[in-house]
file target-v1.json (JSON, C-alpha atoms)
[["chain", "number", "residue", "atom", "x", "y", "z"],
["A", 1, "MET", "CA", -55.44, 29.62, 24.48],
["A", 2, "ARG", "CA", -55.54, 33.40, 24.07],
["A", 3, "GLU", "CA", -52.07, 34.92, 24.00],
["A", 4, "LEU", "CA", -51.44, 37.86, 26.27],
["A", 5, "TYR", "CA", -49.57, 41.01, 25.25],
["A", 6, "LEU", "CA", -47.75, 43.30, 27.68],
["A", 7, "ASP", "CA", -50.91, 45.42, 27.79],
["A", 8, "ASP", "CA", -52.96, 42.43, 28.95],
["A", 9, "LEU", "CA", -50.76, 41.55, 31.91],
["A", 10, "ARG", "CA", -51.06, 42.92, 35.45],
["A", 11, "VAL", "CA", -48.97, 42.50, 38.56],
["A", 12, "GLY", "CA", -50.32, 39.66, 40.70],
["A", 13, "GLN", "CA", -51.82, 37.77, 37.76],
["A", 14, "ARG", "CA", -51.37, 34.02, 38.22],
["A", 15, "PHE", "CA", -51.14, 31.03, 35.91],
["A", 16, "VAL", "CA", -50.99, 27.29, 36.56],
["A", 17, "SER", "CA", -49.46, 24.83, 34.11],
["A", 18, "ASP", "CA", -50.38, 21.29, 33.21],
["A", 19, "LEU", "CA", -48.62, 18.37, 34.90],
["A", 20, "HIS", "CA", -45.43, 16.55, 33.95],
["A", 21, "ALA", "CA", -44.87, 13.05, 35.32],
["A", 22, "LEU", "CA", -41.18, 12.33, 35.73],
["A", 23, "ASP", "CA", -39.69, 8.85, 35.89],
["A", 24, "GLU", "CA", -36.29, 7.25, 36.46],
["A", 25, "ALA", "CA", -35.62, 6.79, 32.73],
["A", 26, "GLN", "CA", -36.09, 10.52, 32.05],
["A", 27, "VAL", "CA", -33.88, 11.47, 34.99],
["A", 28, "ILE", "CA", -31.06, 9.19, 33.84],
["A", 29, "ALA", "CA", -31.39, 10.15, 30.15],
["A", 30, "PHE", "CA", -31.08, 13.87, 30.88],
["A", 31, "ALA", "CA", -28.22, 13.37, 33.34],
["A", 32, "SER", "CA", -26.32, 11.08, 30.98],
["A", 33, "GLN", "CA", -26.35, 13.83, 28.37],
["A", 34, "PHE", "CA", -25.92, 16.97, 30.46],
["A", 35, "ASP", "CA", -25.13, 16.29, 34.12],
["A", 36, "PRO", "CA", -23.36, 12.95, 34.40],
["A", 37, "GLN", "CA", -22.87, 12.73, 38.17],
["A", 38, "PRO", "CA", -23.55, 9.61, 40.29],
["A", 39, "PHE", "CA", -26.45, 11.13, 42.26],
["A", 40, "HIS", "CA", -28.32, 11.81, 38.97],
["A", 41, "LEU", "CA", -27.46, 8.50, 37.29],
["A", 42, "ASN", "CA", -27.75, 5.62, 39.70],
["A", 43, "GLU", "CA", -29.97, 4.97, 42.72],
["A", 44, "ALA", "CA", -27.36, 2.88, 44.55],
["A", 45, "ALA", "CA", -24.56, 5.38, 43.97],
["A", 46, "ALA", "CA", -26.85, 8.24, 45.04],
["A", 47, "LYS", "CA", -27.61, 6.68, 48.46],
["A", 48, "ASP", "CA", -24.39, 7.83, 50.09],
["A", 49, "THR", "CA", -24.41, 11.35, 48.67],
["A", 50, "LEU", "CA", -25.90, 14.63, 49.86],
["A", 51, "PHE", "CA", -29.09, 13.69, 47.99],
["A", 52, "GLY", "CA", -29.65, 10.37, 49.79],
["A", 53, "GLY", "CA", -31.12, 8.84, 46.64],
["A", 54, "LEU", "CA", -31.56, 9.43, 42.94],
["A", 55, "ALA", "CA", -32.38, 13.07, 42.15],
["A", 56, "ALA", "CA", -32.98, 14.88, 38.87],
["A", 57, "SER", "CA", -30.41, 17.43, 37.72],
["A", 58, "GLY", "CA", -31.53, 20.92, 38.66],
["A", 59, "TRP", "CA", -31.16, 21.81, 34.97],
["A", 60, "HIS", "CA", -33.57, 18.97, 34.15],
["A", 61, "THR", "CA", -36.09, 20.50, 36.55],
["A", 62, "ALA", "CA", -35.48, 23.85, 34.83],
["A", 63, "ALA", "CA", -36.00, 22.33, 31.39],
["A", 64, "ILE", "CA", -39.24, 20.60, 32.41],
["A", 65, "THR", "CA", -40.42, 23.86, 33.97],
["A", 66, "MET", "CA", -39.76, 25.62, 30.66],
["A", 67, "ARG", "CA", -41.73, 22.95, 28.81],
["A", 68, "LEU", "CA", -44.69, 23.39, 31.15],
["A", 69, "MET", "CA", -44.52, 27.19, 30.83],
["A", 70, "VAL", "CA", -44.29, 27.06, 27.02],
["A", 71, "ARG", "CA", -47.18, 24.60, 26.80],
["A", 72, "GLY", "CA", -49.68, 27.08, 28.16],
["A", 73, "GLY", "CA", -48.27, 27.66, 31.63],
["A", 74, "VAL", "CA", -47.49, 31.32, 30.86],
["A", 75, "PRO", "CA", -49.43, 32.26, 27.69],
["A", 76, "VAL", "CA", -47.67, 35.43, 26.54],
["A", 77, "ALA", "CA", -47.70, 36.61, 22.94],
["A", 78, "GLY", "CA", -44.65, 35.93, 20.80],
["A", 79, "GLY", "CA", -43.50, 33.07, 23.00],
["A", 80, "LEU", "CA", -41.35, 32.96, 26.11],
["A", 81, "VAL", "CA", -38.09, 34.81, 25.52],
["A", 82, "GLY", "CA", -35.97, 35.07, 28.63],
["A", 83, "ALA", "CA", -33.22, 37.64, 29.16],
["A", 84, "GLY", "CA", -32.16, 36.06, 32.40],
["A", 85, "ALA", "CA", -33.32, 34.53, 35.66],
["A", 86, "GLU", "CA", -32.62, 33.70, 39.26],
["A", 87, "ILE", "CA", -33.11, 30.04, 40.04],
["A", 88, "SER", "CA", -32.94, 27.96, 43.20],
["A", 89, "TRP", "CA", -33.69, 24.39, 44.12],
["A", 90, "PRO", "CA", -34.98, 24.25, 47.72],
["A", 91, "GLN", "CA", -35.19, 20.46, 47.61],
["A", 92, "PRO", "CA", -34.42, 17.68, 45.13],
["A", 93, "THR", "CA", -36.72, 16.61, 42.31],
["A", 94, "ARG", "CA", -37.23, 12.85, 42.58],
["A", 95, "PRO", "CA", -37.86, 10.29, 39.82],
["A", 96, "ASP", "CA", -41.48, 9.67, 40.87],
["A", 97, "ASP", "CA", -42.42, 13.35, 41.08],
["A", 98, "VAL", "CA", -45.36, 14.81, 39.18],
["A", 99, "LEU", "CA", -44.50, 18.45, 38.55],
["A", 100, "ARG", "CA", -46.58, 21.54, 37.90],
["A", 101, "VAL", "CA", -45.63, 25.18, 37.63],
["A", 102, "GLU", "CA", -47.45, 28.03, 39.38],
["A", 103, "SER", "CA", -46.49, 31.44, 38.03],
["A", 104, "GLU", "CA", -47.17, 34.98, 39.15],
["A", 105, "ILE", "CA", -46.44, 38.29, 37.42],
["A", 106, "LEU", "CA", -44.18, 40.34, 39.74],
["A", 107, "GLU", "CA", -43.22, 43.38, 37.66],
["A", 108, "ILE", "CA", -44.13, 44.93, 34.30],
["A", 109, "THR", "CA", -41.70, 47.46, 32.82],
["A", 110, "PRO", "CA", -42.41, 48.98, 29.39],
["A", 111, "SER", "CA", -39.21, 49.58, 27.45],
["A", 112, "ARG", "CA", -38.15, 53.23, 27.12],
["A", 113, "SER", "CA", -36.05, 52.63, 24.02],
["A", 114, "ARG", "CA", -38.29, 50.05, 22.30],
["A", 115, "PRO", "CA", -41.96, 51.09, 22.36],
["A", 116, "ASP", "CA", -43.04, 47.74, 20.91],
["A", 117, "ARG", "CA", -42.07, 45.71, 23.96],
["A", 118, "GLY", "CA", -41.42, 45.54, 27.68],
["A", 119, "MET", "CA", -39.81, 43.42, 30.36],
["A", 120, "VAL", "CA", -41.91, 41.25, 32.66],
["A", 121, "LYS", "CA", -40.60, 39.57, 35.79],
["A", 122, "VAL", "CA", -42.37, 36.29, 36.50],
["A", 123, "ARG", "CA", -41.95, 34.13, 39.60],
["A", 124, "SER", "CA", -42.56, 30.45, 38.85],
["A", 125, "GLU", "CA", -42.67, 27.82, 41.56],
["A", 126, "THR", "CA", -42.28, 24.24, 40.40],
["A", 127, "ARG", "CA", -44.09, 21.94, 42.82],
["A", 128, "ASN", "CA", -44.34, 18.19, 43.19],
["A", 129, "GLN", "CA", -47.44, 16.11, 43.86],
["A", 130, "ARG", "CA", -47.22, 16.91, 47.58],
["A", 131, "GLY", "CA", -47.16, 20.63, 46.91],
["A", 132, "GLU", "CA", -43.50, 20.92, 47.90],
["A", 133, "VAL", "CA", -41.50, 23.53, 46.01],
["A", 134, "VAL", "CA", -38.58, 21.94, 44.15],
["A", 135, "GLN", "CA", -37.60, 25.03, 42.14],
["A", 136, "ILE", "CA", -38.12, 28.77, 42.34],
["A", 137, "LEU", "CA", -37.51, 30.69, 39.13],
["A", 138, "GLU", "CA", -37.70, 34.45, 38.76],
["A", 139, "ALA", "CA", -37.35, 35.09, 35.06],
["A", 140, "ARG", "CA", -37.15, 38.34, 33.10],
["A", 141, "LEU", "CA", -39.17, 37.91, 29.92],
["A", 142, "VAL", "CA", -39.30, 40.11, 26.84],
["A", 143, "VAL", "CA", -43.00, 40.59, 26.01],
["A", 144, "PRO", "CA", -44.38, 42.48, 22.99],
["A", 145, "ARG", "CA", -46.96, 45.23, 23.27],
["A", 146, "ARG", "CA", -50.16, 44.74, 21.36],
["A", 147, "PRO", "CA", -49.58, 46.01, 17.81],
["A", 148, "SER", "CA", -51.34, 49.36, 17.43],
["A", 149, "THR", "CA", -53.04, 48.23, 14.22],
["A", 150, "ALA", "CA", -54.50, 45.09, 15.79],
["A", 151, "ASP", "CA", -58.03, 44.69, 17.04],
["A", 152, "SER", "CA", -57.92, 45.34, 20.76],
["A", 153, "GLY", "CA", -60.44, 42.58, 21.58],
["B", 154, "MET", "CA", -7.89, 15.32, 37.44],
["B", 155, "ARG", "CA", -7.32, 16.17, 41.10],
["B", 156, "GLU", "CA", -10.53, 17.07, 42.88],
["B", 157, "LEU", "CA", -10.51, 20.23, 44.93],
["B", 158, "TYR", "CA", -11.99, 20.54, 48.40],
["B", 159, "LEU", "CA", -13.22, 23.78, 49.94],
["B", 160, "ASP", "CA", -9.79, 24.13, 51.58],
["B", 161, "ASP", "CA", -8.08, 23.98, 48.16],
["B", 162, "LEU", "CA", -10.09, 26.80, 46.58],
["B", 163, "ARG", "CA", -9.24, 30.48, 46.65],
["B", 164, "VAL", "CA", -11.06, 33.56, 45.42],
["B", 165, "GLY", "CA", -9.91, 34.48, 41.93],
["B", 166, "GLN", "CA", -8.99, 30.90, 40.98],
["B", 167, "ARG", "CA", -9.93, 30.22, 37.35],
["B", 168, "PHE", "CA", -10.81, 27.13, 35.34],
["B", 169, "VAL", "CA", -11.41, 26.56, 31.63],
["B", 170, "SER", "CA", -13.51, 23.69, 30.30],
["B", 171, "ASP", "CA", -13.19, 21.58, 27.20],
["B", 172, "LEU", "CA", -15.17, 22.49, 24.07],
["B", 173, "HIS", "CA", -18.66, 21.47, 23.01],
["B", 174, "ALA", "CA", -19.58, 21.70, 19.32],
["B", 175, "LEU", "CA", -23.27, 22.38, 18.88],
["B", 176, "ASP", "CA", -25.23, 21.63, 15.71],
["B", 177, "GLU", "CA", -28.73, 22.12, 14.38],
["B", 178, "ALA", "CA", -29.83, 18.59, 15.25],
["B", 179, "GLN", "CA", -28.90, 19.08, 18.93],
["B", 180, "VAL", "CA", -30.66, 22.45, 19.05],
["B", 181, "ILE", "CA", -33.87, 21.04, 17.59],
["B", 182, "ALA", "CA", -33.78, 17.85, 19.68],
["B", 183, "PHE", "CA", -33.50, 19.77, 22.95],
["B", 184, "ALA", "CA", -36.11, 22.31, 21.95],
["B", 185, "SER", "CA", -38.55, 19.64, 20.79],
["B", 186, "GLN", "CA", -38.42, 18.06, 24.22],
["B", 187, "PHE", "CA", -38.16, 21.08, 26.51],
["B", 188, "ASP", "CA", -38.68, 24.40, 24.74],
["B", 189, "PRO", "CA", -40.87, 23.85, 21.67],
["B", 190, "GLN", "CA", -40.99, 27.39, 20.27],
["B", 191, "PRO", "CA", -40.56, 28.28, 16.58],
["B", 192, "PHE", "CA", -37.28, 30.19, 17.06],
["B", 193, "HIS", "CA", -35.69, 27.07, 18.61],
["B", 194, "LEU", "CA", -37.16, 24.56, 16.15],
["B", 195, "ASN", "CA", -37.04, 25.86, 12.62],
["B", 196, "GLU", "CA", -34.65, 28.17, 10.77],
["B", 197, "ALA", "CA", -37.32, 29.58, 8.46],
["B", 198, "ALA", "CA", -39.78, 30.24, 11.28],
["B", 199, "ALA", "CA", -37.01, 31.85, 13.36],
["B", 200, "LYS", "CA", -36.14, 34.43, 10.69],
["B", 201, "ASP", "CA", -38.99, 36.78, 11.54],
["B", 202, "THR", "CA", -38.60, 36.58, 15.32],
["B", 203, "LEU", "CA", -36.55, 38.54, 17.85],
["B", 204, "PHE", "CA", -33.75, 36.03, 17.26],
["B", 205, "GLY", "CA", -33.48, 36.57, 13.49],
["B", 206, "GLY", "CA", -32.56, 32.93, 12.96],
["B", 207, "LEU", "CA", -32.43, 29.58, 14.71],
["B", 208, "ALA", "CA", -31.18, 29.88, 18.30],
["B", 209, "ALA", "CA", -30.68, 27.30, 21.03],
["B", 210, "SER", "CA", -32.96, 27.40, 24.06],
["B", 211, "GLY", "CA", -31.27, 29.23, 26.91],
["B", 212, "TRP", "CA", -31.87, 26.12, 29.00],
["B", 213, "HIS", "CA", -29.99, 24.10, 26.39],
["B", 214, "THR", "CA", -27.04, 26.49, 26.77],
["B", 215, "ALA", "CA", -27.34, 26.04, 30.54],
["B", 216, "ALA", "CA", -27.40, 22.25, 30.21],
["B", 217, "ILE", "CA", -24.34, 22.19, 27.92],
["B", 218, "THR", "CA", -22.58, 24.53, 30.34],
["B", 219, "MET", "CA", -23.29, 22.08, 33.15],
["B", 220, "ARG", "CA", -21.92, 19.22, 31.08],
["B", 221, "LEU", "CA", -18.71, 21.14, 30.42],
["B", 222, "MET", "CA", -18.38, 22.07, 34.11],
["B", 223, "VAL", "CA", -19.00, 18.50, 35.29],
["B", 224, "ARG", "CA", -16.51, 17.09, 32.77],
["B", 225, "GLY", "CA", -13.57, 18.81, 34.37],
["B", 226, "GLY", "CA", -14.55, 22.44, 33.92],
["B", 227, "VAL", "CA", -14.86, 22.98, 37.67],
["B", 228, "PRO", "CA", -13.14, 20.04, 39.40],
["B", 229, "VAL", "CA", -14.54, 20.24, 42.94],
["B", 230, "ALA", "CA", -14.70, 17.23, 45.23],
["B", 231, "GLY", "CA", -17.99, 15.44, 45.61],
["B", 232, "GLY", "CA", -19.32, 16.75, 42.33],
["B", 233, "LEU", "CA", -21.15, 19.92, 41.40],
["B", 234, "VAL", "CA", -24.16, 20.43, 43.66],
["B", 235, "GLY", "CA", -25.92, 23.72, 43.09],
["B", 236, "ALA", "CA", -28.19, 25.42, 45.59],
["B", 237, "GLY", "CA", -29.14, 28.11, 43.13],
["B", 238, "ALA", "CA", -27.87, 30.50, 40.50],
["B", 239, "GLU", "CA", -28.32, 33.71, 38.58],
["B", 240, "ILE", "CA", -28.28, 33.21, 34.84],
["B", 241, "SER", "CA", -28.43, 35.53, 31.86],
["B", 242, "TRP", "CA", -28.10, 35.16, 28.13],
["B", 243, "PRO", "CA", -26.48, 38.30, 26.65],
["B", 244, "GLN", "CA", -26.82, 36.95, 23.13],
["B", 245, "PRO", "CA", -28.22, 33.86, 21.43],
["B", 246, "THR", "CA", -26.40, 30.55, 21.14],
["B", 247, "ARG", "CA", -26.39, 29.52, 17.46],
["B", 248, "PRO", "CA", -26.40, 26.02, 15.92],
["B", 249, "ASP", "CA", -22.82, 26.30, 14.65],
["B", 250, "ASP", "CA", -21.36, 27.53, 17.92],
["B", 251, "VAL", "CA", -18.45, 25.80, 19.64],
["B", 252, "LEU", "CA", -18.85, 26.51, 23.34],
["B", 253, "ARG", "CA", -16.44, 26.59, 26.24],
["B", 254, "VAL", "CA", -16.88, 27.64, 29.86],
["B", 255, "GLU", "CA", -14.52, 29.93, 31.75],
["B", 256, "SER", "CA", -15.12, 29.88, 35.50],
["B", 257, "GLU", "CA", -13.83, 31.97, 38.38],
["B", 258, "ILE", "CA", -14.25, 31.51, 42.12],
["B", 259, "LEU", "CA", -15.96, 34.64, 43.50],
["B", 260, "GLU", "CA", -16.69, 33.79, 47.14],
["B", 261, "ILE", "CA", -15.91, 31.01, 49.62],
["B", 262, "THR", "CA", -18.07, 30.78, 52.72],
["B", 263, "PRO", "CA", -17.50, 27.95, 55.21],
["B", 264, "SER", "CA", -20.77, 26.78, 56.75],
["B", 265, "ARG", "CA", -21.34, 27.77, 60.39],
["B", 266, "SER", "CA", -23.77, 24.96, 61.07],
["B", 267, "ARG", "CA", -22.11, 22.21, 59.01],
["B", 268, "PRO", "CA", -18.34, 22.08, 59.59],
["B", 269, "ASP", "CA", -17.90, 19.51, 56.81],
["B", 270, "ARG", "CA", -18.85, 21.88, 53.99],
["B", 271, "GLY", "CA", -19.15, 25.39, 52.67],
["B", 272, "MET", "CA", -20.77, 27.46, 49.95],
["B", 273, "VAL", "CA", -18.78, 28.63, 46.94],
["B", 274, "LYS", "CA", -19.99, 31.21, 44.45],
["B", 275, "VAL", "CA", -18.65, 30.57, 40.96],
["B", 276, "ARG", "CA", -19.05, 32.85, 37.94],
["B", 277, "SER", "CA", -19.04, 30.89, 34.69],
["B", 278, "GLU", "CA", -19.03, 32.58, 31.30],
["B", 279, "THR", "CA", -20.03, 30.41, 28.37],
["B", 280, "ARG", "CA", -18.33, 31.69, 25.22],
["B", 281, "ASN", "CA", -18.59, 30.79, 21.56],
["B", 282, "GLN", "CA", -15.74, 30.31, 19.07],
["B", 283, "ARG", "CA", -15.48, 34.09, 18.60],
["B", 284, "GLY", "CA", -15.09, 34.66, 22.32],
["B", 285, "GLU", "CA", -18.56, 36.19, 22.62],
["B", 286, "VAL", "CA", -20.34, 35.53, 25.91],
["B", 287, "VAL", "CA", -23.63, 33.70, 25.33],
["B", 288, "GLN", "CA", -24.36, 32.94, 28.99],
["B", 289, "ILE", "CA", -23.29, 34.25, 32.38],
["B", 290, "LEU", "CA", -23.95, 31.94, 35.32],
["B", 291, "GLU", "CA", -23.27, 32.77, 38.95],
["B", 292, "ALA", "CA", -23.88, 29.56, 40.82],
["B", 293, "ARG", "CA", -23.84, 28.78, 44.53],
["B", 294, "LEU", "CA", -22.24, 25.38, 45.00],
["B", 295, "VAL", "CA", -22.09, 23.17, 48.07],
["B", 296, "VAL", "CA", -18.45, 22.04, 48.42],
["B", 297, "PRO", "CA", -17.12, 19.61, 51.07],
["B", 298, "ARG", "CA", -14.15, 20.37, 53.28],
["B", 299, "ARG", "CA", -11.24, 17.98, 53.13],
["B", 300, "PRO", "CA", -12.00, 15.13, 55.55],
["B", 301, "SER", "CA", -9.80, 15.56, 58.61],
["B", 302, "THR", "CA", -8.65, 11.95, 58.44],
["B", 303, "ALA", "CA", -7.55, 12.22, 54.80],
["B", 304, "ASP", "CA", -4.02, 12.74, 53.62],
["B", 305, "SER", "CA", -3.64, 16.43, 52.98],
["B", 306, "GLY", "CA", -1.53, 15.98, 49.85]]
call {"tool": "encode", "arguments": {"input": "target-v1.json", "output": "structure tokens"}}
result
Amino acid sequence: MRELYLDDLRVGQRFVSDLHALDEAQVIAFASQFDPQPFHLNEAAAKDTLFGGLAASGWHTAAITMRLMVRGGVPVAGGLVGAGAEISWPQPTRPDDVLRVESEILEITPSRSRPDRGMVKVRSETRNQRGEVVQILEARLVVPRRPSTADSG
Amino acid sequence: MRELYLDDLRVGQRFVSDLHALDEAQVIAFASQFDPQPFHLNEAAAKDTLFGGLAASGWHTAAITMRLMVRGGVPVAGGLVGAGAEISWPQPTRPDDVLRVESEILEITPSRSRPDRGMVKVRSETRNQRGEVVQILEARLVVPRRPSTADSG
């Protein structure tokens, strides 16, 4: 896939990622390592919690979202380097979810101090197989400008 | 450790987590699965990037932070359930870092519609062994009120 420099991006530009099929084993493996709470580890224990059943850690949803973005979901040059983000989880990610990420360029700000780069704000909605939004991420990415010596095509 | 209900928290209250010692194998394992970019996978490839050397994925730092918070770093009743967060990475997390999380309660907002809970905003700084902040997280957590039938001690 062609990689996009700051100069190639425009506000409103949209990208859609591939799919990621989650399953219970992935949910439990991630939670065991990073978010060992009953509602992320065990279906029976999760029943009586706020989640009403096994749910993926929000940070697992974030990590899968990053994987989908890196694997072509947001094809910017130099890779995806985030300075920061706002993140929310409007509803739980479930073990049988099939996730995709839909991204849109919100803002493009060339750097004043560093002429070789700029900051791009990207809104990425992670949706399940029913189209329901399980995560909203607004990330600030550092994106390089096209090198002046490079072919502009 | 005693678990704290909404009623037990106060603005300005601080908590410090245990330590987590990172290493290159952990950095590469996480990145391979969730953030497969050269600067998170390979020291030599990372040299010529913005990072100037191998760095952990920001989402790996976030996941380790969650582990440290869950394991006693922020001992709220019912577990740590996040509605959303702002996150930033002021500098890279490196393979030889030993991380800890210092958290402070910023806001406590009892729910108007759900008398059994409230929203708590917590600022958590993840620091390395030199005290440098590698991540700032401001998370909105759902925290239960002490059940009215429970012993208040």
call {"tool": "closest_atom_pairs", "arguments": {"input": "target-v1.json", "of": "chain B", "to": "chain A", "cutoff": "9 Å", "atoms": "all atoms listed in the file", "output": "tab-separated table"}}
result
residue	atom	partner	partner_atom	distance
B:Ala184	CA	A:Arg67	CA	8.9
B:Gln186	CA	A:Arg67	CA	7.5
B:Phe187	CA	A:Arg67	CA	4.6
B:Asp188	CA	A:Arg67	CA	5.3
B:Pro189	CA	A:Val70	CA	7.1
B:Gln190	CA	A:Gly79	CA	6.8
B:Pro191	CA	A:Gly79	CA	8.5
B:Thr202	CA	A:Gly78	CA	8.2
B:Leu203	CA	A:Val81	CA	8.7
B:Gly211	CA	A:Gly82	CA	7.7
B:Trp212	CA	A:Ala63	CA	6.1
B:His213	CA	A:Ala63	CA	8.0
B:Ala215	CA	A:Trp59	CA	7.2
B:Ala216	CA	A:Phe34	CA	5.5
B:Ile217	CA	A:Phe34	CA	6.0
B:Thr218	CA	A:Phe34	CA	8.3
B:Met219	CA	A:Asp35	CA	6.2
B:Arg220	CA	A:Phe34	CA	4.6
B:Leu221	CA	A:Phe34	CA	8.3
B:Met222	CA	A:Asp35	CA	8.9
B:Val223	CA	A:Asp35	CA	6.6
B:Arg224	CA	A:Pro36	CA	8.2
B:Gly231	CA	A:Thr49	CA	8.2
B:Gly232	CA	A:Gln37	CA	6.8
B:Leu233	CA	A:Gln37	CA	8.1
B:Val234	CA	A:Leu50	CA	8.7
B:Gly235	CA	A:Gly58	CA	7.7
B:Ala236	CA	A:Trp89	CA	5.8
B:Gly237	CA	A:Ser88	CA	3.8
B:Ala238	CA	A:Ile87	CA	5.3
B:Glu239	CA	A:Glu86	CA	4.4
B:Ile240	CA	A:Ala85	CA	5.3
B:Ser241	CA	A:Gly84	CA	3.8
B:Trp242	CA	A:Ala83	CA	5.8
B:Pro243	CA	A:Ala83	CA	7.2
B:Gln244	CA	A:Ala83	CA	8.8
call {"tool": "atom_distance", "arguments": {"input": "target-v1.json", "atom1": "CA of Pro263 in chain B", "atom2": "CA of Arg167 in chain B"}}
result
19.5 Å
call {"tool": "closest_residue", "arguments": {"input": "target-v1.json", "among": "A:Arg123, A:Glu43, A:Thr93, A:Gly72", "to": "Leu106 in chain A", "atoms": "all atoms listed in the file"}}
result
A:Arg123
call {"tool": "closest_residue", "arguments": {"input": "target-v1.json", "among": "A:Leu99, A:Pro147, A:Leu9, A:Phe15", "to": "Ser124 in chain A", "atoms": "only C-alpha atoms"}}
result
A:Phe15
call {"tool": "atom_distance", "arguments": {"input": "target-v1.json", "atom1": "CA of Asp160 in chain B", "atom2": "CA of Arg270 in chain B"}}
result
9.6 Å
call {"tool": "closest_residue", "arguments": {"input": "target-v1.json", "among": "A:Leu6, A:Val74, A:Val98, A:Leu41", "to": "Leu22 in chain A", "atoms": "all atoms listed in the file"}}
result
A:Val98
call {"tool": "residues_around", "arguments": {"input": "target-v1.json", "residues": "Asp269 in chain B", "least_positions_apart": "2", "cutoff": "10 Å", "atoms": "only C-alpha atoms", "output": "PyMOL selection string"}}
result
chain B and resi 159+263-267+271+296-301
call {"tool": "atom_distance", "arguments": {"input": "target-v1.json", "atom1": "CA of Val180 in chain B", "atom2": "CA of Ala56 in chain A"}}
result
21.3 Å
call {"tool": "closest_residue", "arguments": {"input": "target-v1.json", "among": "A:Glu132, A:Gly12, A:Asn42, A:Leu4", "to": "Pro95 in chain A", "atoms": "all atoms listed in the file"}}
result
A:Asn42
call {"tool": "axis_aligned_box", "arguments": {"input": "target-v1.json", "around": "range 208-215 of chain B", "padding_each_side": "5 Å", "output": "AutoDock Vina command-line options"}}
result
--center_x -30.0 --center_y 27.0 --center_z 24.4 --size_x 15.9 --size_y 15.8 --size_z 22.2
call {"tool": "decode", "arguments": {"input": "target-v1.json", "residues": "range 177-188 of chain B", "atoms": "N, CA, C and O atoms", "output": "CSV table (one decimal), in the first residue's frame"}}
result
chain,number,residue,atom,x,y,z
B,177,GLU,N,13.5,-6.3,27.0
B,177,GLU,CA,13.3,-6.3,25.6
B,177,GLU,C,12.4,-7.4,25.1
B,177,GLU,O,11.6,-7.2,24.1
B,178,ALA,N,12.4,-8.6,25.7
B,178,ALA,CA,11.5,-9.6,25.3
B,178,ALA,C,10.0,-9.2,25.4
B,178,ALA,O,9.2,-9.5,24.5
B,179,GLN,N,9.7,-8.6,26.5
B,179,GLN,CA,8.3,-8.1,26.7
B,179,GLN,C,7.9,-7.1,25.6
B,179,GLN,O,6.8,-7.1,25.1
B,180,VAL,N,8.8,-6.1,25.4
B,180,VAL,CA,8.6,-5.1,24.4
B,180,VAL,C,8.3,-5.7,23.0
B,180,VAL,O,7.3,-5.3,22.4
B,181,ILE,N,9.1,-6.6,22.6
B,181,ILE,CA,9.0,-7.2,21.3
B,181,ILE,C,7.8,-8.1,21.2
B,181,ILE,O,7.1,-8.1,20.2
B,182,ALA,N,7.5,-8.8,22.3
B,182,ALA,CA,6.3,-9.7,22.3
B,182,ALA,C,5.0,-8.9,22.1
B,182,ALA,O,4.1,-9.3,21.3
B,183,PHE,N,4.9,-7.8,22.9
B,183,PHE,CA,3.7,-7.0,22.8
B,183,PHE,C,3.6,-6.4,21.4
B,183,PHE,O,2.5,-6.4,20.7
B,184,ALA,N,4.7,-5.8,20.9
B,184,ALA,CA,4.7,-5.2,19.6
B,184,ALA,C,4.4,-6.1,18.5
B,184,ALA,O,3.7,-5.8,17.5
B,185,SER,N,4.9,-7.3,18.6
B,185,SER,CA,4.7,-8.3,17.5
B,185,SER,C,3.2,-8.6,17.4
B,185,SER,O,2.7,-8.8,16.3
B,186,GLN,N,2.5,-8.6,18.5
B,186,GLN,CA,1.1,-8.9,18.5
B,186,GLN,C,0.2,-7.7,18.2
B,186,GLN,O,-0.8,-7.9,17.4
B,187,PHE,N,0.6,-6.6,18.7
B,187,PHE,CA,-0.4,-5.4,18.6
B,187,PHE,C,0.1,-4.2,17.9
B,187,PHE,O,-0.6,-3.3,17.5
B,188,ASP,N,1.4,-4.0,17.8
B,188,ASP,CA,2.0,-2.8,17.2
B,188,ASP,C,3.3,-3.1,16.5
B,188,ASP,O,4.3,-2.6,16.8
